[in-house]
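Structure file target07.pdb; described as PDB, C-alpha atoms, pLDDT in the B column.
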```pdb
ATOM      1  CA  MET U   1      34.053 138.213  59.995  1.00 54.00           C
ATOM      2  CA  GLN U   2      31.376 139.590  62.363  1.00 57.00           C
ATOM      3  CA  GLY U   3      33.309 142.892  62.836  1.00 58.00           C
ATOM      4  CA  PHE U   4      33.380 143.399  59.091  1.00 62.00           C
ATOM      5  CA  TYR U   5      29.615 142.972  58.871  1.00 64.00           C
ATOM      6  CA  VAL U   6      29.106 145.371  61.819  1.00 62.00           C
ATOM      7  CA  LEU U   7      31.116 148.082  60.050  1.00 66.00           C
ATOM      8  CA  LEU U   8      29.088 147.582  56.903  1.00 69.00           C
ATOM      9  CA  ILE U   9      25.867 147.974  58.910  1.00 71.00           C
ATOM     10  CA  ILE U  10      27.199 151.176  60.544  1.00 71.00           C
ATOM     11  CA  LEU U  11      28.128 152.576  57.146  1.00 72.00           C
ATOM     12  CA  GLY U  12      24.647 151.740  55.879  1.00 71.00           C
ATOM     13  CA  ILE U  13      23.026 153.532  58.840  1.00 72.00           C
ATOM     14  CA  ILE U  14      25.228 156.603  58.287  1.00 72.00           C
ATOM     15  CA  CYS U  15      24.275 156.657  54.622  1.00 72.00           C
ATOM     16  CA  VAL U  16      20.585 156.521  55.542  1.00 70.00           C
ATOM     17  CA  ILE U  17      21.027 159.370  58.065  1.00 71.00           C
ATOM     18  CA  LEU U  18      22.888 161.456  55.518  1.00 69.00           C
ATOM     19  CA  SER U  19      20.143 160.867  52.965  1.00 69.00           C
ATOM     20  CA  PHE U  20      17.551 162.173  55.436  1.00 64.00           C
ATOM     21  CA  MET U  21      19.737 165.165  56.225  1.00 63.00           C
ATOM     22  CA  LEU U  22      20.140 165.895  52.557  1.00 62.00           C
ATOM     23  CA  ALA U  23      16.388 165.636  52.004  1.00 60.00           C
ATOM     24  CA  GLU U  24      15.701 168.150  54.782  1.00 56.00           C
ATOM     25  CA  LYS U  25      18.335 170.562  53.561  1.00 55.00           C
ATOM     26  CA  LEU U  26      16.966 170.472  50.044  1.00 53.00           C
ATOM     27  CA  ASP U  27      13.635 171.844  51.301  1.00 53.00           C
ATOM     28  CA  GLY U  28      14.998 175.369  51.842  1.00 49.00           C
ATOM     29  CA  LYS U  29      18.623 175.475  52.771  1.00 48.00           C
ATOM     30  CA  SER U  30      21.742 175.731  50.747  1.00 46.00           C
ATOM     31  CA  VAL U  31      22.525 172.574  48.847  1.00 45.00           C
ATOM     32  CA  GLN U  32      26.221 173.387  48.697  1.00 47.00           C
ATOM     33  CA  GLY U  33      26.528 173.762  52.445  1.00 48.00           C
ATOM     34  CA  ASP U  34      24.679 170.515  53.025  1.00 47.00           C
ATOM     35  CA  PHE U  35      27.017 168.643  50.760  1.00 46.00           C
ATOM     36  CA  ASP U  36      29.982 170.160  52.546  1.00 52.00           C
ATOM     37  CA  ILE U  37      28.590 169.036  55.899  1.00 49.00           C
ATOM     38  CA  SER U  38      27.832 165.549  54.613  1.00 56.00           C
ATOM     39  CA  GLU U  39      31.279 165.262  53.072  1.00 62.00           C
ATOM     40  CA  ASN U  40      32.929 166.434  56.287  1.00 67.00           C
ATOM     41  CA  VAL U  41      30.875 164.000  58.385  1.00 61.00           C
ATOM     42  CA  LEU U  42      31.680 161.111  56.089  1.00 61.00           C
ATOM     43  CA  LYS U  43      35.364 162.063  55.975  1.00 68.00           C
ATOM     44  CA  THR U  44      35.513 162.333  59.762  1.00 69.00           C
ATOM     45  CA  PHE U  45      33.829 158.938  60.160  1.00 62.00           C
ATOM     46  CA  LEU U  46      36.188 157.297  57.695  1.00 63.00           C
ATOM     47  CA  GLU U  47      39.246 158.823  59.390  1.00 66.00           C
ATOM     48  CA  LYS U  48      38.114 157.611  62.794  1.00 65.00           C
ATOM     49  CA  ASN U  49      37.263 154.101  61.573  1.00 64.00           C
ATOM     50  CA  GLU U  50      40.023 153.717  58.964  1.00 66.00           C
ATOM     51  CA  GLU U  51      42.114 151.481  61.228  1.00 69.00           C
ATOM     52  CA  ASN U  52      39.095 149.351  62.128  1.00 69.00           C
ATOM     53  CA  LEU U  53      38.159 149.033  58.467  1.00 67.00           C
ATOM     54  CA  ASP U  54      41.721 148.018  57.542  1.00 69.00           C
ATOM     55  CA  GLN U  55      41.793 145.455  60.318  1.00 75.00           C
ATOM     56  CA  ALA U  56      38.370 144.127  59.300  1.00 70.00           C
ATOM     57  CA  ILE U  57      39.452 143.807  55.650  1.00 72.00           C
ATOM     58  CA  ILE U  58      42.770 142.160  56.606  1.00 77.00           C
ATOM     59  CA  SER U  59      40.969 139.824  58.982  1.00 77.00           C
ATOM     60  CA  HIS U  60      38.473 138.921  56.268  1.00 74.00           C
ATOM     61  CA  VAL U  61      41.269 138.270  53.761  1.00 77.00           C
ATOM     62  CA  GLU U  62      43.154 136.112  56.301  1.00 83.00           C
ATOM     63  CA  ARG U  63      40.053 134.091  57.085  1.00 82.00           C
ATOM     64  CA  THR U  64      39.333 133.659  53.379  1.00 82.00           C
ATOM     65  CA  LYS U  65      42.933 132.564  52.801  1.00 82.00           C
ATOM     66  CA  GLU U  66      42.808 130.129  55.727  1.00 85.00           C
ATOM     67  CA  ALA U  67      39.503 128.698  54.492  1.00 84.00           C
ATOM     68  CA  ALA U  68      40.927 128.230  50.990  1.00 84.00           C
ATOM     69  CA  LEU U  69      44.086 126.662  52.431  1.00 86.00           C
ATOM     70  CA  GLU U  70      42.010 124.332  54.594  1.00 88.00           C
ATOM     71  CA  GLU U  71      39.887 123.266  51.617  1.00 88.00           C
ATOM     72  CA  THR U  72      43.020 122.712  49.538  1.00 87.00           C
ATOM     73  CA  THR U  73      44.589 120.658  52.338  1.00 88.00           C
ATOM     74  CA  LYS U  74      41.450 118.550  52.653  1.00 88.00           C
ATOM     75  CA  ALA U  75      41.380 117.941  48.905  1.00 87.00           C
ATOM     76  CA  LEU U  76      45.067 116.978  48.878  1.00 88.00           C
ATOM     77  CA  ASN U  77      44.597 114.663  51.860  1.00 89.00           C
ATOM     78  CA  ARG U  78      41.626 113.016  50.180  1.00 89.00           C
ATOM     79  CA  LEU U  79      43.594 112.558  46.944  1.00 88.00           C
ATOM     80  CA  THR U  80      46.596 111.217  48.875  1.00 88.00           C
ATOM     81  CA  ASN U  81      44.422 108.722  50.733  1.00 88.00           C
ATOM     82  CA  GLU U  82      42.889 107.534  47.466  1.00 88.00           C
ATOM     83  CA  LYS U  83      46.349 107.032  45.934  1.00 86.00           C
ATOM     84  CA  ILE U  84      47.586 105.200  49.044  1.00 87.00           C
ATOM     85  CA  MET U  85      44.553 102.908  48.957  1.00 88.00           C
ATOM     86  CA  ALA U  86      45.136 102.213  45.269  1.00 86.00           C
ATOM     87  CA  VAL U  87      48.803 101.384  45.931  1.00 85.00           C
ATOM     88  CA  ASP U  88      47.811  99.113  48.834  1.00 83.00           C
ATOM     89  CA  GLU U  89      45.313  97.257  46.666  1.00 86.00           C
ATOM     90  CA  PHE U  90      47.915  96.845  43.907  1.00 85.00           C
ATOM     91  CA  SER U  91      50.554  95.610  46.370  1.00 82.00           C
ATOM     92  CA  ASP U  92      48.054  93.139  47.860  1.00 84.00           C
ATOM     93  CA  SER U  93      47.278  91.858  44.370  1.00 84.00           C
ATOM     94  CA  VAL U  94      50.992  91.466  43.581  1.00 84.00           C
ATOM     95  CA  LEU U  95      51.668  89.667  46.874  1.00 85.00           C
ATOM     96  CA  GLU U  96      48.714  87.352  46.280  1.00 85.00           C
ATOM     97  CA  LYS U  97      50.024  86.526  42.784  1.00 85.00           C
ATOM     98  CA  ILE U  98      53.517  85.853  44.158  1.00 86.00           C
ATOM     99  CA  SER U  99      52.072  83.590  46.855  1.00 82.00           C
ATOM    100  CA  GLN U 100      50.024  81.708  44.269  1.00 84.00           C
ATOM    101  CA  ASN U 101      53.062  81.202  42.007  1.00 84.00           C
ATOM    102  CA  HIS U 102      55.103  80.046  44.997  1.00 83.00           C
ATOM    103  CA  SER U 103      52.427  77.494  45.902  1.00 82.00           C
ATOM    104  CA  GLU U 104      52.351  76.222  42.318  1.00 83.00           C
ATOM    105  CA  VAL U 105      56.144  75.848  42.266  1.00 85.00           C
ATOM    106  CA  ILE U 106      56.097  73.954  45.572  1.00 86.00           C
ATOM    107  CA  PHE U 107      53.335  71.685  44.256  1.00 85.00           C
ATOM    108  CA  LEU U 108      55.256  70.929  41.049  1.00 86.00           C
ATOM    109  CA  TYR U 109      58.438  70.296  43.027  1.00 85.00           C
ATOM    110  CA  ASN U 110      56.652  67.856  45.351  1.00 85.00           C
ATOM    111  CA  MET U 111      55.013  66.120  42.403  1.00 86.00           C
ATOM    112  CA  LEU U 112      58.408  65.785  40.689  1.00 87.00           C
ATOM    113  CA  ASN U 113      59.894  64.258  43.833  1.00 85.00           C
ATOM    114  CA  GLU U 114      56.958  61.853  44.059  1.00 86.00           C
ATOM    115  CA  LYS U 115      57.403  60.798  40.427  1.00 85.00           C
ATOM    116  CA  GLU U 116      61.122  60.315  40.981  1.00 86.00           C
ATOM    117  CA  ARG U 117      60.434  58.147  44.027  1.00 87.00           C
ATOM    118  CA  GLU U 118      57.880  56.065  42.109  1.00 86.00           C
ATOM    119  CA  LEU U 119      60.329  55.619  39.220  1.00 86.00           C
ATOM    120  CA  LYS U 120      63.081  54.487  41.583  1.00 86.00           C
ATOM    121  CA  GLU U 121      60.727  52.012  43.242  1.00 86.00           C
ATOM    122  CA  LEU U 122      59.656  50.739  39.829  1.00 86.00           C
ATOM    123  CA  VAL U 123      63.266  50.292  38.670  1.00 85.00           C
ATOM    124  CA  ALA U 124      64.113  48.510  41.920  1.00 83.00           C
ATOM    125  CA  SER U 125      61.074  46.246  41.485  1.00 82.00           C
ATOM    126  CA  VAL U 126      62.019  45.426  37.893  1.00 82.00           C
ATOM    127  CA  ASN U 127      65.619  44.719  38.878  1.00 81.00           C
ATOM    128  CA  GLN U 128      64.443  42.499  41.712  1.00 82.00           C
ATOM    129  CA  ALA U 129      62.135  40.577  39.368  1.00 79.00           C
ATOM    130  CA  ALA U 130      64.946  40.236  36.818  1.00 77.00           C
ATOM    131  CA  ASN U 131      67.336  38.944  39.471  1.00 78.00           C
ATOM    132  CA  LYS U 132      64.758  36.415  40.631  1.00 76.00           C
ATOM    133  CA  SER U 133      64.203  35.276  37.052  1.00 73.00           C
ATOM    134  CA  ILE U 134      67.949  34.917  36.483  1.00 74.00           C
ATOM    135  CA  ALA U 135      68.296  32.979  39.722  1.00 68.00           C
ATOM    136  CA  LYS U 136      65.469  30.645  38.695  1.00 68.00           C
ATOM    137  CA  ASN U 137      67.069  30.063  35.302  1.00 65.00           C
ATOM    138  CA  LYS U 138      70.443  29.380  36.877  1.00 61.00           C
ATOM    139  CA  LYS U 139      69.170  26.655  39.199  1.00 57.00           C
ATOM    140  CA  PRO U 140      68.149  24.189  36.413  1.00 55.00           C
ATOM    141  CA  GLN U 141      71.292  25.056  34.496  1.00 56.00           C
ATOM    142  CA  ASN U 142      73.480  24.372  37.532  1.00 56.00           C
ATOM    143  CA  ALA U 143      71.652  21.098  38.108  1.00 56.00           C
ATOM    144  CA  ILE U 144      72.261  20.111  34.486  1.00 57.00           C
ATOM    145  CA  GLU U 145      75.941  21.019  34.795  1.00 61.00           C
ATOM    146  CA  GLU U 146      76.246  18.969  37.959  1.00 61.00           C
ATOM    147  CA  GLN U 147      74.555  16.005  36.289  1.00 61.00           C
ATOM    148  CA  LYS U 148      76.855  16.326  33.291  1.00 59.00           C
ATOM    149  CA  GLN U 149      79.915  16.502  35.492  1.00 64.00           C
ATOM    150  CA  SER U 150      78.780  13.472  37.498  1.00 62.00           C
ATOM    151  CA  HIS U 151      77.995  11.563  34.325  1.00 56.00           C
ATOM    152  CA  GLU U 152      81.382  12.415  32.835  1.00 56.00           C
ATOM    153  CA  GLU U 153      83.158  11.333  35.956  1.00 58.00           C
ATOM    154  CA  LYS U 154      81.349   8.018  35.795  1.00 56.00           C
ATOM    155  CA  ARG U 155      82.032   7.540  32.105  1.00 55.00           C
ATOM    156  CA  GLY U 156      85.702   8.363  32.482  1.00 50.00           C
ATOM    157  CA  PRO U 157      88.210  10.063  30.155  1.00 50.00           C
ATOM    158  CA  ALA U 158      86.760   8.491  27.050  1.00 46.00           C
ATOM    159  CA  SER U 159      83.627  10.553  27.294  1.00 47.00           C
ATOM    160  CA  LYS U 160      85.350  13.938  27.808  1.00 49.00           C
ATOM    161  CA  SER U 161      85.439  14.767  24.121  1.00 53.00           C
ATOM    162  CA  SER U 162      81.753  14.002  23.665  1.00 51.00           C
ATOM    163  CA  SER U 163      81.021  15.981  26.813  1.00 51.00           C
ATOM    164  CA  LYS U 164      82.883  18.988  25.453  1.00 55.00           C
ATOM    165  CA  LYS U 165      80.943  18.767  22.232  1.00 53.00           C
ATOM    166  CA  ALA U 166      77.704  18.605  24.153  1.00 48.00           C
ATOM    167  CA  GLU U 167      78.777  21.585  26.275  1.00 56.00           C
ATOM    168  CA  SER U 168      79.702  23.570  23.181  1.00 56.00           C
ATOM    169  CA  ALA U 169      76.354  22.751  21.600  1.00 50.00           C
ATOM    170  CA  SER U 170      74.611  23.791  24.802  1.00 52.00           C
ATOM    171  CA  LYS U 171      76.437  27.119  24.829  1.00 55.00           C
ATOM    172  CA  ASN U 172      75.562  27.744  21.209  1.00 54.00           C
ATOM    173  CA  ARG U 173      71.968  26.941  22.044  1.00 52.00           C
ATOM    174  CA  GLU U 174      72.046  29.424  24.912  1.00 54.00           C
ATOM    175  CA  ILE U 175      73.480  32.108  22.634  1.00 54.00           C
ATOM    176  CA  GLU U 176      70.723  31.464  20.103  1.00 52.00           C
ATOM    177  CA  LEU U 177      68.106  31.655  22.842  1.00 50.00           C
ATOM    178  CA  THR U 178      69.622  34.907  24.136  1.00 66.00           C
ATOM    179  CA  GLU U 179      69.518  36.450  20.662  1.00 68.00           C
ATOM    180  CA  GLN U 180      65.932  35.331  20.237  1.00 71.00           C
ATOM    181  CA  GLU U 181      65.016  36.826  23.597  1.00 73.00           C
ATOM    182  CA  LYS U 182      66.679  40.103  22.662  1.00 72.00           C
ATOM    183  CA  GLU U 183      64.788  40.215  19.389  1.00 77.00           C
ATOM    184  CA  LYS U 184      61.566  39.398  21.210  1.00 77.00           C
ATOM    185  CA  GLU U 185      62.192  42.140  23.767  1.00 79.00           C
ATOM    186  CA  ALA U 186      62.978  44.647  21.016  1.00 77.00           C
ATOM    187  CA  HIS U 187      59.806  43.675  19.169  1.00 81.00           C
ATOM    188  CA  THR U 188      57.761  43.966  22.356  1.00 81.00           C
ATOM    189  CA  ARG U 189      59.283  47.363  23.146  1.00 80.00           C
ATOM    190  CA  GLU U 190      58.519  48.676  19.658  1.00 84.00           C
ATOM    191  CA  GLU U 191      54.976  47.355  19.915  1.00 85.00           C
ATOM    192  CA  ILE U 192      54.486  49.082  23.298  1.00 83.00           C
ATOM    193  CA  LEU U 193      55.840  52.405  22.015  1.00 83.00           C
ATOM    194  CA  GLY U 194      53.721  52.141  18.879  1.00 84.00           C
ATOM    195  CA  LEU U 195      50.554  51.577  20.882  1.00 85.00           C
ATOM    196  CA  TYR U 196      51.477  54.418  23.256  1.00 82.00           C
ATOM    197  CA  GLU U 197      52.014  56.826  20.346  1.00 85.00           C
ATOM    198  CA  GLN U 198      48.599  55.794  19.016  1.00 86.00           C
ATOM    199  CA  GLY U 199      47.087  57.188  22.231  1.00 84.00           C
ATOM    200  CA  LEU U 200      46.521  54.033  24.261  1.00 85.00           C
ATOM    201  CA  SER U 201      46.973  54.263  28.019  1.00 85.00           C
ATOM    202  CA  VAL U 202      49.332  52.122  30.085  1.00 82.00           C
ATOM    203  CA  THR U 203      46.385  50.064  31.369  1.00 86.00           C
ATOM    204  CA  ASP U 204      45.068  49.400  27.840  1.00 87.00           C
ATOM    205  CA  ILE U 205      48.519  48.379  26.587  1.00 84.00           C
ATOM    206  CA  ALA U 206      48.998  46.071  29.579  1.00 84.00           C
ATOM    207  CA  LYS U 207      45.664  44.380  28.908  1.00 85.00           C
ATOM    208  CA  LYS U 208      46.354  44.010  25.207  1.00 82.00           C
ATOM    209  CA  LEU U 209      49.869  42.592  25.569  1.00 81.00           C
ATOM    210  CA  LYS U 210      49.115  40.756  28.834  1.00 81.00           C
ATOM    211  CA  MET U 211      52.039  42.397  30.597  1.00 80.00           C
ATOM    212  CA  GLY U 212      52.520  44.235  33.868  1.00 82.00           C
ATOM    213  CA  LYS U 213      51.732  47.958  33.972  1.00 80.00           C
ATOM    214  CA  GLY U 214      54.960  48.675  35.834  1.00 82.00           C
ATOM    215  CA  GLU U 215      57.110  47.138  33.103  1.00 81.00           C
ATOM    216  CA  ILE U 216      55.218  49.002  30.372  1.00 81.00           C
ATOM    217  CA  LYS U 217      55.456  52.321  32.248  1.00 83.00           C
ATOM    218  CA  LEU U 218      59.205  51.811  32.729  1.00 83.00           C
ATOM    219  CA  ILE U 219      59.737  51.202  28.997  1.00 80.00           C
ATOM    220  CA  ILE U 220      57.707  54.325  28.113  1.00 79.00           C
ATOM    221  CA  ASP U 221      59.534  56.488  30.697  1.00 81.00           C
ATOM    222  CA  LEU U 222      62.937  55.290  29.465  1.00 77.00           C
ATOM    223  CA  TYR U 223      61.909  55.993  25.857  1.00 71.00           C
ATOM    224  CA  GLN U 224      60.728  59.518  26.734  1.00 71.00           C
ATOM    225  CA  GLY U 225      63.900  60.150  28.731  1.00 66.00           C
ATOM    226  CA  ALA U 226      66.019  59.054  25.764  1.00 59.00           C
ATOM    227  CA  ARG U 227      64.129  61.399  23.429  1.00 60.00           C
ATOM    228  CA  ARG U 228      64.814  64.351  25.752  1.00 56.00           C
TER     229      ARG U 228
END
```
Would you put the structure from the file into structure tokens?
Amino acid sequence: MQGFYVLLIILGIICVILSFMLAEKLDGKSVQGDFDISENVLKTFLEKNEENLDQAIISHVERTKEAALEETTKALNRLTNEKIMAVDEFSDSVLEKISQNHSEVIFLYNMLNEKERELKELVASVNQAANKSIAKNKKPQNAIEEQKQSHEEKRGPASKSSSKKAESASKNREIELTEQEKEKEAHTREEILGLYEQGLSVTDIAKKLKMGKGEIKLIIDLYQGARR
């Protein structure tokens, strides 16, 4: 680049010198001869410095091309970096969303397992309470049966027929009681489900019906499971 400017300066100096020479020649000498001399001088200078001028022009073009290429490369690198950063931000956002969804799934899975465990414990508790209730009911009944058997043995064969009648009546009475209990349970279940559908909570229903919350929750869960 500096060589090109030097050549331009030299050409400018030569032009100034030629202008002075032309001015002096115009004062009294032949104009045609002066122009011939100036043309010859300029031609000789150009022939001598033609190679230098070509090299200076080529060098200037190469430097201009390299500068343009460098600017283009910088612009492309800057654009590439911006696109890479945008892709990184998008990938980070996607990974964060996937991680959040995974955490939600794990939470729901753990909650489902906890509910299943609570339901199993509740069913086991209800079964245990039912077994205890059955055992309590069986004890008086067994005592009555033993008393009847002892009484019949004391009374002898004559009282067997009356004993059978009494036993039959007792069984019929038990059947009637069982049917009544079933009807009562069905009525209670319908009442619980009706109150639940009205929007009452398990605690409110338990207070209103004076029942255990576990039993009410079991009935509601079984009803919802049957509907599904």
U:Lys208 environment, 12 Å, all atoms listed in the file, sequence neighbours closer than 3 positions dropped, as a PyMOL selection string: chain U and resi 188+191-192+195-196+200-205+211-213+216
Atomic distance atom CA of U:Glu121 - atom CA of U:Glu181, expressed in Å with one decimal: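 Distance between the two atoms: 25.2 Å.
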May I ask for the distance between atom CA of U:Ala124 and atom CA of U:Lys184, given in Å to one decimal place?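 Atom CA of U:Lys184 lies at a distance of 22.8 Å from atom CA of U:Ala124.
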Give me, please, the distance in Å between atom CA of U:Glu215 and atom CA of U:Val126, quoted to one decimal. 7.1 Å
Please define a box with edges along x, y and z of the file around all atoms of stretch 13-18 of chain U given in the file, extend it by 3 Å on each side, and return its centre and edge lengths in Å to one decimal, as AutoDock Vina command-line options.
```
--center_x 22.9 --center_y 157.5 --center_z 56.7 --size_x 10.6 --size_y 13.9 --size_z 10.2
```
